[in-house]
Number of protein chains: 2
Amino acid sequence: MMNIVAMTPELFTRFWPVFSAIIQAEETYAFDPCLNEQQAFDLWCTLPVETYAAVENNTVLGSYFIKANASGPGAHVSNCGYMVADAARGKGAAKVLCQHSKQRALAMQFNAVVSSNTVAVALWQKLGFEVIGRVPKAYRHKQLGFVDTLVMYQWLAADESVA
Amino acid sequence: MMNIVAMTPELFTRFWPVFSAIIQAEETYAFDPCLNEQQAFDLWCTLPVETYAAVENNTVLGSYFIKANASGPGAHVSNCGYMVADAARGKGAAKVLCQHSKQRALAMQFNAVVSSNTVAVALWQKLGFEVIGRVPKAYRHKQLGFVDTLVMYQWLAADESVA
């Protein structure tokens, strides 16, 4: 049984090996691959508005943060980042995390989905996100060299007036 | 004669009325319109890598910052923000500032050009930027309500290998 809970420093420490492996792979995230645990915690859990973890049997399967993608007149659009442990693939953790995040936003923008990350692109599309931009060679993939990134977006508010 | 110089706290204080008017108009920038001078200085001059001012006869005509648009595998793409005083329109300050910034980047991405800001969109296109994405209703324009924002991009490095 997977539960979505607020991230804590203790849970993040358990999640850190997953996080570290993802940034060191340099295939999906535009984060400095040399971040240490404290820097990663600050980036993932302190700067955003909220951070959640998907926990099952004491194991952290994945995590996401949510924050405003811009300020002032752009603050109604949220931005999230999601990470899921390789060992949790097939359990639907990314889907559950994304659905959880969508309930907390009026509109959502992903700024840099690495185009070669086809599993993620397909999942986001299945969950209603559209590719609304393609940035040429914006990501230096460790294996593939320069690849494009995608801007993906979904309006979520039922009514414009609530945003 | 317009000179481009490194921004200083003293120059920023002289530029602050322009900056303040631009954010309070809520027509072009996704910044909190209630920022005070110190917060604006931090955002515009401390967080970015470099900030410059266009100065003519002791008057600050405009300013821009440059920073990395992302980290790690995305750090070769720069991001800039430009502001020009209304009183300086027609002097080419925005063009001069943008050309100055392009010499400092390997690739450049503007994340949220407000689509109703047609003068800016046309200038960036003239200077080689392409619209590579359109984000629906991502900006709440003070006069027009929700308007789209544009992602604009230009690859600048002569050779992929130098990026």
# chains A, B, ... in the order shown; residues from 1 in each chain; ligands from 1

$ closest_atom_pairs --of "region 80-154 of chain B" --to "region 35-49 of chain B" --cutoff "10 Å" --atoms "only C-alpha atoms" --output "tab-separated table"
residue	atom	partner	partner_atom	distance
B:Cys80	CA	B:Pro48	CA	8.8
B:Gly81	CA	B:Trp44	CA	8.4
B:Tyr82	CA	B:Trp44	CA	9.8

$ residues_around --residues "Ala107 (chain B)" --least-positions-apart "3" --cutoff "6 Å" --atoms "only C-alpha atoms" --output "number ranges by chain"
B: 77-78, 154-156

$ write_last_selection --atoms "all heavy atoms" --output "mmCIF file, in the first residue's frame"
data_model
loop_
_atom_site.group_PDB
_atom_site.id
_atom_site.type_symbol
_atom_site.label_atom_id
_atom_site.label_comp_id
_atom_site.auth_asym_id
_atom_site.auth_seq_id
_atom_site.Cartn_x
_atom_site.Cartn_y
_atom_site.Cartn_z
ATOM 1 N N VAL B 77 22.893 26.594 -21.382
ATOM 2 C CA VAL B 77 21.879 27.536 -21.866
ATOM 3 C C VAL B 77 21.738 28.674 -20.859
ATOM 4 O O VAL B 77 21.497 28.434 -19.677
ATOM 5 C CB VAL B 77 20.512 26.854 -22.065
ATOM 6 C CG1 VAL B 77 19.490 27.857 -22.617
ATOM 7 C CG2 VAL B 77 20.635 25.647 -22.994
ATOM 8 N N SER B 78 21.922 29.891 -21.332
ATOM 9 C CA SER B 78 21.806 31.067 -20.467
ATOM 10 C C SER B 78 20.393 31.631 -20.508
ATOM 11 O O SER B 78 19.607 31.327 -21.404
ATOM 12 C CB SER B 78 22.781 32.162 -20.920
ATOM 13 O OG SER B 78 24.108 31.725 -20.739
ATOM 14 N N GLN B 154 17.735 30.842 -28.801
ATOM 15 C CA GLN B 154 18.729 30.989 -29.860
ATOM 16 C C GLN B 154 19.994 30.233 -29.473
ATOM 17 O O GLN B 154 20.512 30.407 -28.371
ATOM 18 C CB GLN B 154 19.050 32.477 -30.072
ATOM 19 C CG GLN B 154 19.996 32.733 -31.217
ATOM 20 C CD GLN B 154 20.149 34.208 -31.592
ATOM 21 O OE1 GLN B 154 20.895 34.541 -32.500
ATOM 22 N NE2 GLN B 154 19.470 35.103 -30.880
ATOM 23 N N TRP B 155 20.445 29.391 -30.388
ATOM 24 C CA TRP B 155 21.738 28.744 -30.216
ATOM 25 C C TRP B 155 22.793 29.732 -30.685
ATOM 26 O O TRP B 155 22.664 30.314 -31.767
ATOM 27 C CB TRP B 155 21.811 27.451 -31.041
ATOM 28 C CG TRP B 155 23.089 26.697 -30.825
ATOM 29 C CD1 TRP B 155 24.225 26.796 -31.565
ATOM 30 C CD2 TRP B 155 23.352 25.746 -29.794
ATOM 31 N NE1 TRP B 155 25.182 25.952 -31.058
ATOM 32 C CE2 TRP B 155 24.686 25.295 -29.971
ATOM 33 C CE3 TRP B 155 22.600 25.234 -28.740
ATOM 34 C CZ2 TRP B 155 25.275 24.346 -29.119
ATOM 35 C CZ3 TRP B 155 23.184 24.287 -27.905
ATOM 36 C CH2 TRP B 155 24.501 23.858 -28.096
ATOM 37 N N LEU B 156 23.844 29.954 -29.881
ATOM 38 C CA LEU B 156 24.804 31.009 -30.198
ATOM 39 C C LEU B 156 26.211 30.493 -30.470
ATOM 40 O O LEU B 156 26.978 31.137 -31.187
ATOM 41 C CB LEU B 156 24.848 32.025 -29.044
ATOM 42 C CG LEU B 156 23.537 32.790 -28.820
ATOM 43 C CD1 LEU B 156 23.521 33.429 -27.442
ATOM 44 C CD2 LEU B 156 23.336 33.848 -29.890
#

$ atom_distance --atom1 "CA of Ala87 (chain A)" --atom2 "CA of Ala105 (chain A)"
28.5 Å

$ select_by_dssp --residues "region 65-155 of chain B" --states "alpha helix (DSSP H)" --output "list in words"
Ala93, Ala94, Lys95, Val96, Leu97, Cys98, Gln99, His100, Ser101, Lys102, Thr118, Val119, Ala120, Val121, Ala122, Leu123, Trp124, Gln125 and Lys126 of chain B

$ write_last_selection --atoms "all heavy atoms" --output "CSV table (one decimal), in the first residue's frame"
chain,number,residue,atom,x,y,z
B,93,ALA,N,18.4,50.9,-26.7
B,93,ALA,CA,19.1,50.3,-25.6
B,93,ALA,C,18.8,48.8,-25.4
B,93,ALA,O,19.8,48.1,-25.1
B,93,ALA,CB,18.6,51.1,-24.3
B,94,ALA,N,17.6,48.4,-25.7
B,94,ALA,CA,17.3,47.0,-25.6
B,94,ALA,C,18.2,46.2,-26.5
B,94,ALA,O,18.7,45.1,-26.2
B,94,ALA,CB,15.8,46.7,-25.8
B,95,LYS,N,18.3,46.7,-27.7
B,95,LYS,CA,19.1,46.0,-28.8
B,95,LYS,C,20.5,45.9,-28.3
B,95,LYS,O,21.2,44.8,-28.4
B,95,LYS,CB,18.9,46.7,-30.1
B,95,LYS,CG,19.7,46.1,-31.2
B,95,LYS,CD,19.5,46.9,-32.5
B,95,LYS,CE,20.4,46.3,-33.7
B,95,LYS,NZ,20.2,47.2,-34.9
B,96,VAL,N,21.1,47.0,-27.9
B,96,VAL,CA,22.5,47.0,-27.4
B,96,VAL,C,22.7,46.1,-26.3
B,96,VAL,O,23.7,45.3,-26.2
B,96,VAL,CB,22.9,48.5,-27.1
B,96,VAL,CG1,24.3,48.5,-26.4
B,96,VAL,CG2,22.9,49.4,-28.3
B,97,LEU,N,21.8,46.1,-25.3
B,97,LEU,CA,21.9,45.2,-24.1
B,97,LEU,C,21.8,43.7,-24.6
B,97,LEU,O,22.6,42.9,-24.1
B,97,LEU,CB,20.8,45.5,-23.1
B,97,LEU,CG,20.9,46.8,-22.3
B,97,LEU,CD1,19.6,47.1,-21.6
B,97,LEU,CD2,22.1,46.8,-21.3
B,98,CYS,N,20.9,43.4,-25.5
B,98,CYS,CA,20.8,42.0,-25.9
B,98,CYS,C,22.0,41.6,-26.7
B,98,CYS,O,22.5,40.5,-26.5
B,98,CYS,CB,19.5,41.9,-26.8
B,98,CYS,SG,19.2,40.2,-27.2
B,99,GLN,N,22.5,42.4,-27.5
B,99,GLN,CA,23.7,42.1,-28.3
B,99,GLN,C,24.9,41.9,-27.3
B,99,GLN,O,25.7,40.9,-27.5
B,99,GLN,CB,24.1,43.1,-29.3
B,99,GLN,CG,23.1,43.0,-30.5
B,99,GLN,CD,23.2,44.2,-31.5
B,99,GLN,OE1,23.5,45.3,-31.1
B,99,GLN,NE2,22.9,44.0,-32.7
B,100,HIS,N,25.0,42.7,-26.3
B,100,HIS,CA,26.0,42.5,-25.3
B,100,HIS,C,25.9,41.2,-24.6
B,100,HIS,O,26.9,40.4,-24.4
B,100,HIS,CB,25.9,43.7,-24.3
B,100,HIS,CG,27.0,43.8,-23.3
B,100,HIS,ND1,27.0,43.2,-22.1
B,100,HIS,CD2,28.2,44.5,-23.4
B,100,HIS,CE1,28.1,43.5,-21.4
B,100,HIS,NE2,28.9,44.3,-22.2
B,101,SER,N,24.7,40.8,-24.3
B,101,SER,CA,24.4,39.5,-23.5
B,101,SER,C,24.7,38.3,-24.4
B,101,SER,O,25.2,37.3,-23.9
B,101,SER,CB,23.0,39.5,-23.1
B,101,SER,OG,22.1,39.4,-24.1
B,102,LYS,N,24.5,38.4,-25.7
B,102,LYS,CA,24.7,37.3,-26.6
B,102,LYS,C,26.1,36.9,-26.7
B,102,LYS,O,26.5,35.8,-27.0
B,102,LYS,CB,24.1,37.6,-28.0
B,102,LYS,CG,22.6,37.5,-28.1
B,102,LYS,CD,22.0,38.0,-29.4
B,102,LYS,CE,22.5,37.2,-30.6
B,102,LYS,NZ,21.8,37.7,-31.8
B,118,THR,N,4.4,42.9,-27.9
B,118,THR,CA,4.7,42.7,-29.3
B,118,THR,C,6.0,43.3,-29.7
B,118,THR,O,6.7,42.9,-30.6
B,118,THR,CB,3.6,43.1,-30.2
B,118,THR,OG1,3.2,44.4,-29.9
B,118,THR,CG2,2.4,42.2,-30.0
B,119,VAL,N,6.3,44.5,-29.1
B,119,VAL,CA,7.6,45.2,-29.4
B,119,VAL,C,8.8,44.3,-29.0
B,119,VAL,O,9.7,44.2,-29.8
B,119,VAL,CB,7.6,46.6,-28.6
B,119,VAL,CG1,9.0,47.2,-28.8
B,119,VAL,CG2,6.5,47.5,-29.2
B,120,ALA,N,8.7,43.7,-27.8
B,120,ALA,CA,9.8,42.8,-27.4
B,120,ALA,C,9.9,41.6,-28.2
B,120,ALA,O,11.0,41.2,-28.7
B,120,ALA,CB,9.6,42.4,-25.9
B,121,VAL,N,8.7,41.0,-28.5
B,121,VAL,CA,8.8,39.8,-29.3
B,121,VAL,C,9.4,40.1,-30.7
B,121,VAL,O,10.3,39.3,-31.2
B,121,VAL,CB,7.3,39.2,-29.5
B,121,VAL,CG1,7.4,38.0,-30.5
B,121,VAL,CG2,6.7,38.8,-28.2
B,122,ALA,N,9.0,41.2,-31.3
B,122,ALA,CA,9.6,41.5,-32.6
B,122,ALA,C,11.1,41.8,-32.5
B,122,ALA,O,11.8,41.4,-33.4
B,122,ALA,CB,8.8,42.8,-33.2
B,123,LEU,N,11.5,42.5,-31.5
B,123,LEU,CA,12.9,42.8,-31.3
B,123,LEU,C,13.7,41.5,-31.2
B,123,LEU,O,14.8,41.3,-31.8
B,123,LEU,CB,13.2,43.7,-30.2
B,123,LEU,CG,14.6,44.1,-29.9
B,123,LEU,CD1,15.3,44.7,-31.1
B,123,LEU,CD2,14.8,44.9,-28.7
B,124,TRP,N,13.2,40.6,-30.3
B,124,TRP,CA,14.0,39.4,-30.1
B,124,TRP,C,14.1,38.6,-31.4
B,124,TRP,O,15.1,38.0,-31.7
B,124,TRP,CB,13.4,38.5,-29.0
B,124,TRP,CG,13.3,39.2,-27.6
B,124,TRP,CD1,12.3,39.0,-26.7
B,124,TRP,CD2,14.1,40.2,-27.0
B,124,TRP,NE1,12.5,39.7,-25.6
B,124,TRP,CE2,13.6,40.5,-25.8
B,124,TRP,CE3,15.3,40.9,-27.5
B,124,TRP,CZ2,14.2,41.5,-24.9
B,124,TRP,CZ3,15.9,41.8,-26.6
B,124,TRP,CH2,15.3,42.1,-25.4
B,125,GLN,N,13.0,38.6,-32.1
B,125,GLN,CA,13.0,37.8,-33.4
B,125,GLN,C,14.0,38.5,-34.4
B,125,GLN,O,14.8,37.8,-35.0
B,125,GLN,CB,11.6,37.8,-34.0
B,125,GLN,CG,10.7,36.8,-33.3
B,125,GLN,CD,9.3,36.8,-33.8
B,125,GLN,OE1,8.7,37.8,-34.1
B,125,GLN,NE2,8.7,35.6,-33.9
B,126,LYS,N,14.0,39.8,-34.4
B,126,LYS,CA,15.0,40.5,-35.3
B,126,LYS,C,16.4,40.2,-34.9
B,126,LYS,O,17.3,40.1,-35.7
B,126,LYS,CB,14.7,42.0,-35.1
B,126,LYS,CG,15.4,42.9,-36.1
B,126,LYS,CD,15.0,44.3,-36.0
B,126,LYS,CE,16.0,45.3,-36.5
B,126,LYS,NZ,15.8,46.7,-36.2

$ closest_residue --among "B:Ile66, B:Val131, B:Phe19, B:Leu11" --to "Phe31 (chain B)" --atoms "only C-alpha atoms"
B:Phe19

$ closest_residue --among "A:Phe65, A:Tyr29, A:Phe15, A:Tyr52" --to "chain B" --atoms "only C-alpha atoms"
A:Tyr29

$ select_by_dssp --residues "region 20-157 of chain A" --states "strand (DSSP E or B)" --output "PyMOL selection string"
chain A and resi 50-56+59-68+78-84+107-114+130-141+145-155

$ closest_residue --among "B:Gln143, B:Gln103, B:Ser63, B:Thr149" --to "Ala85 (chain B)" --atoms "only C-alpha atoms"
B:Ser63

$ interface_residues --of "chain B" --to "chain A" --cutoff "7 Å" --atoms "only C-alpha atoms" --output "PyMOL selection string"
chain B and resi 26+30-33+70-74+77+132-135+138-141

$ write_last_selection --atoms "all heavy atoms" --output "CSV table (one decimal), in the first residue's frame"
chain,number,residue,atom,x,y,z
B,26,GLU,N,2.6,45.2,-14.3
B,26,GLU,CA,2.2,43.8,-14.4
B,26,GLU,C,1.8,43.6,-15.9
B,26,GLU,O,0.7,43.0,-16.1
B,26,GLU,CB,1.1,43.5,-13.5
B,26,GLU,CG,1.5,43.5,-12.0
B,26,GLU,CD,0.5,43.1,-11.0
B,26,GLU,OE1,0.1,41.9,-11.0
B,26,GLU,OE2,0.0,44.0,-10.3
B,30,ALA,N,7.1,38.6,-14.8
B,30,ALA,CA,6.5,37.7,-13.8
B,30,ALA,C,7.3,37.9,-12.5
B,30,ALA,O,7.8,36.9,-12.0
B,30,ALA,CB,6.4,36.3,-14.3
B,31,PHE,N,7.3,39.1,-12.0
B,31,PHE,CA,7.9,39.4,-10.7
B,31,PHE,C,6.8,39.9,-9.8
B,31,PHE,O,5.8,40.5,-10.3
B,31,PHE,CB,8.9,40.5,-10.8
B,31,PHE,CG,10.2,40.1,-11.4
B,31,PHE,CD1,11.1,41.1,-11.9
B,31,PHE,CD2,10.6,38.8,-11.6
B,31,PHE,CE1,12.3,40.8,-12.5
B,31,PHE,CE2,11.8,38.4,-12.2
B,31,PHE,CZ,12.7,39.4,-12.6
B,32,ASP,N,6.9,39.6,-8.5
B,32,ASP,CA,6.0,40.2,-7.5
B,32,ASP,C,6.0,41.7,-7.6
B,32,ASP,O,7.1,42.3,-7.5
B,32,ASP,CB,6.5,39.7,-6.1
B,32,ASP,CG,5.6,40.2,-5.0
B,32,ASP,OD1,4.8,41.1,-5.3
B,32,ASP,OD2,5.8,39.8,-3.9
B,33,PRO,N,4.8,42.3,-7.9
B,33,PRO,CA,4.8,43.8,-8.1
B,33,PRO,C,5.1,44.6,-6.8
B,33,PRO,O,5.4,45.8,-6.9
B,33,PRO,CB,3.4,44.0,-8.6
B,33,PRO,CG,2.6,42.9,-8.1
B,33,PRO,CD,3.5,41.7,-8.1
B,70,ALA,N,19.5,26.7,-16.3
B,70,ALA,CA,19.4,25.4,-15.5
B,70,ALA,C,20.7,25.0,-15.0
B,70,ALA,O,21.7,25.8,-15.2
B,70,ALA,CB,18.8,24.3,-16.4
B,71,SER,N,20.8,23.9,-14.3
B,71,SER,CA,22.1,23.5,-13.7
B,71,SER,C,22.6,22.3,-14.5
B,71,SER,O,21.9,21.7,-15.3
B,71,SER,CB,21.9,23.2,-12.2
B,71,SER,OG,21.4,24.3,-11.6
B,72,GLY,N,23.8,21.9,-14.1
B,72,GLY,CA,24.4,20.6,-14.6
B,72,GLY,C,24.3,20.5,-16.1
B,72,GLY,O,24.8,21.3,-16.8
B,73,PRO,N,23.6,19.4,-16.6
B,73,PRO,CA,23.5,19.2,-18.0
B,73,PRO,C,22.7,20.2,-18.8
B,73,PRO,O,22.6,20.2,-20.0
B,73,PRO,CB,22.8,17.8,-18.1
B,73,PRO,CG,23.0,17.2,-16.7
B,73,PRO,CD,23.0,18.3,-15.8
B,74,GLY,N,22.1,21.2,-18.1
B,74,GLY,CA,21.4,22.3,-18.7
B,74,GLY,C,22.1,23.6,-18.6
B,74,GLY,O,21.5,24.6,-19.1
B,77,VAL,N,22.9,26.6,-21.4
B,77,VAL,CA,21.9,27.5,-21.9
B,77,VAL,C,21.7,28.7,-20.9
B,77,VAL,O,21.5,28.4,-19.7
B,77,VAL,CB,20.5,26.9,-22.1
B,77,VAL,CG1,19.5,27.9,-22.6
B,77,VAL,CG2,20.6,25.6,-23.0
B,132,ILE,N,9.9,29.1,-29.7
B,132,ILE,CA,9.9,27.6,-29.8
B,132,ILE,C,8.8,27.0,-28.8
B,132,ILE,O,8.7,25.8,-28.7
B,132,ILE,CB,11.3,27.0,-29.5
B,132,ILE,CG1,11.9,27.5,-28.2
B,132,ILE,CG2,12.2,27.4,-30.6
B,132,ILE,CD1,11.5,26.8,-27.0
B,133,GLY,N,8.0,27.9,-28.2
B,133,GLY,CA,6.9,27.3,-27.4
B,133,GLY,C,6.0,28.4,-27.0
B,133,GLY,O,6.3,29.6,-27.0
B,134,ARG,N,4.7,28.1,-26.8
B,134,ARG,CA,3.7,29.1,-26.4
B,134,ARG,C,2.9,28.4,-25.2
B,134,ARG,O,2.4,27.4,-25.3
B,134,ARG,CB,2.8,29.3,-27.6
B,134,ARG,CG,1.8,30.4,-27.3
B,134,ARG,CD,0.9,30.7,-28.5
B,134,ARG,NE,0.1,31.9,-28.3
B,134,ARG,CZ,0.4,33.1,-28.8
B,134,ARG,NH1,1.5,33.3,-29.5
B,134,ARG,NH2,-0.3,34.2,-28.4
B,135,VAL,N,3.0,29.1,-24.1
B,135,VAL,CA,2.3,28.6,-22.8
B,135,VAL,C,1.0,29.3,-22.7
B,135,VAL,O,0.9,30.5,-22.4
B,135,VAL,CB,3.2,28.8,-21.6
B,135,VAL,CG1,2.7,28.0,-20.4
B,135,VAL,CG2,4.7,28.4,-21.9
B,138,ALA,N,-0.4,31.8,-19.3
B,138,ALA,CA,0.6,31.7,-18.2
B,138,ALA,C,0.9,33.0,-17.5
B,138,ALA,O,1.6,33.0,-16.6
B,138,ALA,CB,1.8,31.0,-18.8
B,139,TYR,N,0.3,34.1,-18.0
B,139,TYR,CA,0.6,35.4,-17.5
B,139,TYR,C,-0.8,36.1,-17.3
B,139,TYR,O,-1.6,36.2,-18.2
B,139,TYR,CB,1.5,36.2,-18.4
B,139,TYR,CG,2.0,37.5,-17.8
B,139,TYR,CD1,3.2,37.4,-17.0
B,139,TYR,CD2,1.4,38.7,-18.0
B,139,TYR,CE1,3.7,38.6,-16.4
B,139,TYR,CE2,1.9,39.9,-17.4
B,139,TYR,CZ,3.0,39.8,-16.6
B,139,TYR,OH,3.5,40.9,-16.1
B,140,ARG,N,-0.9,36.7,-16.1
B,140,ARG,CA,-2.2,37.4,-15.8
B,140,ARG,C,-1.9,38.9,-16.0
B,140,ARG,O,-1.4,39.6,-15.0
B,140,ARG,CB,-2.6,37.1,-14.4
B,140,ARG,CG,-4.0,37.6,-14.1
B,140,ARG,CD,-4.2,37.8,-12.6
B,140,ARG,NE,-4.2,36.6,-11.8
B,140,ARG,CZ,-5.2,35.9,-11.4
B,140,ARG,NH1,-6.4,36.4,-11.6
B,140,ARG,NH2,-5.1,34.8,-10.7
B,141,HIS,N,-2.1,39.4,-17.2
B,141,HIS,CA,-1.8,40.8,-17.6
B,141,HIS,C,-2.8,41.7,-16.8
B,141,HIS,O,-4.0,41.4,-16.8
B,141,HIS,CB,-2.0,40.9,-19.1
B,141,HIS,CG,-1.5,42.2,-19.7
B,141,HIS,ND1,-2.2,43.4,-19.5
B,141,HIS,CD2,-0.4,42.5,-20.4
B,141,HIS,CE1,-1.5,44.3,-20.2
B,141,HIS,NE2,-0.5,43.8,-20.8

$ atom_distance --atom1 "CA of Leu106 (chain B)" --atom2 "CA of Val113 (chain A)"
20.4 Å

$ atom_distance --atom1 "CA of Ala54 (chain B)" --atom2 "CA of Met83 (chain B)"
10.0 Å
